[in-house]
Amino acid sequence: MLRTLLSALLFAVVPVLALHAQTAPTGVITGRVVAAVTEAPLAGAIVTLADPAAAAAGTGATTTRTDSSGRFTLRDVPVGIARLTVRLVGYTAAIRGDIAISPFKPAEVTITLEPARVQLEQVTVRPDAFPAVPAASTPVSTQRYDAEEVRRQPGAQEDVLRAISIAPGVGVTSPARNDLVVRGGAPAENLFVIDNIEVPNINHFGSQGSTGGPISLINVRFVENAAISAGGYGVRLGDRTSSATTITLREGNRERVAGEVNVAATQVGAVIEGPISRNATFLANVRQSYLDLLFKAIGLSFIPSYTDATAKLAWRPTARDALSFLVIGARGTVTFDNDTDSARVNNAQVLAPTQTQYFSGLTWKRLVTRGVLTTTLARTETRYRSAQRDSLLMPVFESRSREGESTLRTDATWALTPALELEAGTVWKYADALRFDATLAGIARRDNLGAPRPLRVDTTFRALRNGTYAQLAWRVHPALRVTGGLRHDWYDFLGGATRFTPRGSVALQLDARTTLSVAGGRYWQPPSYIWLIGAPQNAATLRPFRADHLVAGVSRVIAPELKVQLEVYAKRYGDYPVRPWRPQAVFSPSGFDDVTTDIPFGLEPLASTGTGDARGVELFAQKKLGATPWYGQLAVSWNRTRTTALDGIARRGAFDTPWLGNLVLGWRPNARWELATRIRAGSGAPYTPFVEAGASAGTLDFTRANGERLAPFFAADVRIDRRWLLRGRQLIGFIDLQNATNRENEAPPSWDLRALRVRRETSIGLLPSIGLNLEF
């Protein structure tokens with residue numbers, strides 16, 4: 001019955017007669033096989049299409065070898081989802097599954113092989129989808145998701161950050177936003193790296209000074225893979241104290257010009273890609289939301305709209321050199337319908353952000369003897385224009401600011417010997433365009449005695465910083481690897497402050513499929529630029545804050561596409577920003593939706609005297625789609641977070657969620673249908689209640705900071721995908737039901753301006769979404 005309903009809905013928007021192909025459709029897979037450490041191309045690797053349907057159908061060659069540049073091509077691959085195995089003497093065999101095959105658009109993949117512990121005379125090793133030993137730079141707490149795993153995640157609304165929030169120890173602050181909370185850390189503590197470019201915020205309507213927002217500006221159809229490290233990562237990555245997410249965007253295919261048109265519940269977009277020459281490709285897209293039309297149609301007075309565009313060029317001029325250029329630009333606006341008194345009262349509690357942003361980067365990768373050099377010149381820039389007005393349309397908050405930063409980084413990796421690897425690099429960041437013009441009314445900026453302290457600031461400044469690191473990984477024994485690294489950070493805009501960062505790890509293989517890992521070290525993070533202008537003394541009183549990580553875990557590859565992992569961790573914070581006007585609270589921002597309830601964006605006095613700690617246990621199991629038609633993931637976490645502010649009392653942290661659970665189950669019975677569900681559950685998040693009487697009524701009562709807790713959270717998401725063939729083209733349709741049980745989960749309460757009392761809030765119930773993607 002469900003299949004019938006879905007088919008009827010999608011057939012209504014495409015020509016019925018075009019849905020029948022005359023012959024069994026096939027596609028093409030092209031790609032490269034490279035060494036994991038040096039990225040050197042591996043010639044002679046045996047690449048096999050491990051799809052029983054292909055062999056049974058006799059649709060063509062299912063095995064090939066890579067050429068001298070490590071490249072391979074497999075033709076006549078059945079349309080659907082393919083799975084490759086790769087073998088090469090001297091390297092651990094690998095599986096690369098979940099490769100989407102289209103009849104017109106070739107699939108482009110890159111597969112890395114790890115050196116084997118013992119040189120093999122015959123290729124008899126069983127391939128695995130997971131490495132037996134994690135990489136030296138991410139020895140613990142790292143989960144990697146391929147393109148299809150990101151795209152089809154139920155309830156993620158095709159948002160890459162929501163998709164990876166299923167990793168253990170990771171949650172979000174609200175179903176309406178993608179602010180990641182990793183092991184109790186604030187969203188501002190997360191690092192995001194896109195194609196070797198560190199980006200402050202990758203969202204439309206992103207929170208200034210933090211990293212979250214309502215929706216990512218990264219098109220999921222560009223994602224090759226995404227990896228999130230929840231802690232314990234190496235010295236290459238810095239400037240954040242909680243997590244690091246690395247997103248790699250794919251290159252355009254090398255075979256032919258191809259494209260896509262996609263329509264979803266909130267946006268429409270188009271993608272085009274293909275070869276420029278024999279060694280160069282392009283990939284581009286543009287998206288436009290129609291949220292404004294939807295919001296107007298249902299009578300809402302808050303009207304958002306956004307546009308974004310992406311382009312990536314890749315060129316391999318020689319066998320040793322690769323160049324790529326990426327640019328992503330976006331604009332988001334919010335307007336209001338203030339025609340009625342009711343609309344003006346509702347809009348008086350909404351901060352309206354308008355943002356224009358872009359980031360771009362030119363990357364040169366050069367293969368050297370036993371190593372690889374990577375250099376990236378990048379630029380990030382965001383212009384914010386935020387405002388909030390009261391019910392009489394008088395300004396409460398107005399801000400115009402610009403944050404622009406240029407980055408030059410060079411990273412090198414060498415395999416000095418078969419047992420010794422060296423990573424080293426340096427990164428310079430120069431923020432030459434920092435402009436802040438802000439006005440905040442006294443009713444929204446009160447000191448600890450309740451007295452209004454209006455703010456008017458108009459300032460510009462520049463900032464220069466550097467991070468330099470080196471790390472050695474030594475395989476002491478075929479079963480034992482020891483890694484140690486040191487990083488040095490310098491911040492000229494913080495009085496020339498310098499910080500040293502030691503980190504290290506040990507990985508011990510108990511047997512061929514079981515690894516015990518321990519990692520630890522120190523992580524530093526400078527204050528966001530906007531925090532420095534909240535009070536005249538902030539530039540002098542704020543300094544980098546730190547977190548010391550210790551992680552221990554054991555992982556086991558039970559089957560080629562099934563692994564389990566158990567980890568325990570502890571984090572200890574120091575020099576954390578605190579709020580002298582709110583002596584019970586540390587400053588740990590996420591999103592700011594209403595400036596009348598609390599001071600936004602750190603526009604207040606801040607000092608670096610806070611402390612905190614977080615600890616937890618995480619159980620993780622993952623089954624990738626492969627030889628069997630089902631896949632899944634289970635992540636269960638127990639976490640506790642405590643912070644201590646100026647008053648010296650330890651309180652639960654703002655993101656202290658004792659229990660978190662995510663379960664994903666998917667089934668792909670054939671090349672046409674796919675059904676998946678995600679179940680999310682957790683303890684209720686803490687919140688600070690309102691002052692309910694007196695002159696401060698309607699503001700947060702910090703004498704009870706994080707003193708209340710929401711009811712437990714539960715949501716079940718369901719997604720159904722269906723593929724059709726349109727005379728050589730492929731149409732993919734999906735229905736995504738977020739919170740399919742229509743449960744009204746409790747949300748933090750709000751203040752009712754009409755009744756002057758606390759108003760109970762719940763998150764959105766059932767949210768259906770439908771999408772179509774036509775590949776041609």
# chains A, B, ... in the order shown; residues from 1 in each chain; ligands from 1
>>> residues_around(residues="Thr460 of chain A", least_positions_apart="5", cutoff="7 Å", atoms="only C-alpha atoms", output="list in words")
Leu434, Arg435 and Phe436 of chain A
>>> write_last_selection(atoms="N, CA and C atoms", output="compact mmCIF listing (two decimals), in the first residue's frame")
# COMPACT_ATOMS: atom_id res chain seq x y z
N LEU A 434 37.81 43.47 9.87
CA LEU A 434 36.95 43.26 11.03
C LEU A 434 36.29 44.59 11.37
N ARG A 435 35.00 44.68 11.11
CA ARG A 435 34.25 45.93 11.34
C ARG A 435 32.99 45.58 12.11
N PHE A 436 32.77 46.29 13.23
CA PHE A 436 31.61 46.03 14.07
C PHE A 436 30.93 47.36 14.39
>>> residues_around(residues="Arg331 of chain A", least_positions_apart="6", cutoff="7 Å", atoms="only C-alpha atoms", output="PyMOL selection string")
chain A and resi 306-308+355-357
>>> residues_around(residues="Val636 of chain A", least_positions_apart="5", cutoff="9 Å", atoms="only C-alpha atoms", output="ChimeraX atom specification")
/A:168-169,617-620,659-663
>>> select_by_dssp(residues="segment 597-707 of chain A", states="strand (DSSP E or B)", output="count of residues only")
58
>>> residues_around(residues="Pro134 of chain A", least_positions_apart="4", cutoff="9 Å", atoms="only C-alpha atoms", output="PyMOL selection string")
chain A and resi 130+138-140+142+507+515+517
>>> closest_residue(among="A:Asp647, A:Thr611, A:Pro395, A:Arg503", to="Arg582 of chain A", atoms="only C-alpha atoms")
A:Asp647
>>> residues_around(residues="Leu562 of chain A", least_positions_apart="5", cutoff="10 Å", atoms="only C-alpha atoms", output="tab-separated table (two decimals) with N, CA and C atoms, in the first residue's frame")
chain	number	residue	atom	x	y	z
A	128	ASP	N	37.88	-5.22	4.08
A	128	ASP	CA	36.99	-4.64	5.08
A	128	ASP	C	36.61	-3.22	4.66
A	129	ALA	N	35.44	-2.78	5.13
A	129	ALA	CA	35.01	-1.41	4.90
A	129	ALA	C	35.61	-0.46	5.92
A	130	PHE	N	36.19	-0.97	7.00
A	130	PHE	CA	36.76	-0.16	8.06
A	130	PHE	C	38.23	-0.50	8.22
A	556	ARG	N	36.33	-3.20	17.27
A	556	ARG	CA	36.48	-4.52	16.64
A	556	ARG	C	35.69	-4.56	15.36
A	557	VAL	N	36.35	-5.00	14.28
A	557	VAL	CA	35.69	-5.23	13.00
A	557	VAL	C	35.17	-6.66	13.04
A	621	ALA	N	27.94	1.05	17.15
A	621	ALA	CA	27.98	-0.08	16.21
A	621	ALA	C	27.50	0.42	14.86
A	622	GLN	N	28.17	-0.02	13.80
A	622	GLN	CA	27.81	0.42	12.45
A	622	GLN	C	27.88	-0.73	11.47
A	623	LYS	N	26.83	-0.88	10.69
A	623	LYS	CA	26.77	-1.86	9.61
A	623	LYS	C	26.57	-1.09	8.31
A	624	LYS	N	27.53	-1.17	7.41
A	624	LYS	CA	27.43	-0.48	6.12
A	624	LYS	C	26.66	-1.33	5.12
A	625	LEU	N	26.05	-0.65	4.16
A	625	LEU	CA	25.36	-1.35	3.09
A	625	LEU	C	26.39	-2.07	2.23
A	626	GLY	N	26.15	-3.34	1.96
A	626	GLY	CA	27.12	-4.10	1.18
A	626	GLY	C	26.56	-5.40	0.67
A	631	TYR	N	21.43	-1.87	6.25
A	631	TYR	CA	22.50	-1.13	6.91
A	631	TYR	C	21.94	-0.51	8.18
A	632	GLY	N	22.82	-0.06	9.06
A	632	GLY	CA	22.34	0.51	10.30
A	632	GLY	C	23.45	1.08	11.14
A	633	GLN	N	23.02	1.78	12.19
A	633	GLN	CA	23.96	2.35	13.14
A	633	GLN	C	23.26	2.50	14.49
>>> select_by_dssp(residues="segment 279-492 of chain A", states="helix (DSSP H, G or I)", output="ChimeraX atom specification")
/A:291-297,341-347,442-444,492
>>> residues_around(residues="Arg256 of chain A", least_positions_apart="3", cutoff="10 Å", atoms="only C-alpha atoms", output="list in words")
Phe104, Lys105, Pro106, Gly252, Asn253, Gly259, Glu273, Gly274, Pro275, Ile276 and Thr281 of chain A
>>> closest_residue(among="A:Ser399, A:Thr211, A:Thr514, A:Thr498", to="Thr459 of chain A", atoms="only C-alpha atoms")
A:Ser399
>>> residues_around(residues="Asn346 of chain A", least_positions_apart="3", cutoff="12 Å", atoms="only C-alpha atoms", output="list in words")
Leu300, Ser301, Phe302, Phe336, Asp337, Asn338, Asp339, Thr340, Asp341, Ser342, Ala343, Gln349, Val350, Leu351, Gln388, Arg389, Asp390, Ser391, Leu392, Leu393, Asp594, Ser750, Trp751, Asp752, Leu753 and Arg754 of chain A
>>> closest_residue(among="A:Ala188, A:Leu113, A:Val47, A:Val89", to="Pro526 of chain A", atoms="only C-alpha atoms")
A:Ala188
>>> closest_residue(among="A:Arg652, A:His488, A:Arg183, A:Arg87", to="Thr64 of chain A", atoms="only C-alpha atoms")
A:Arg87
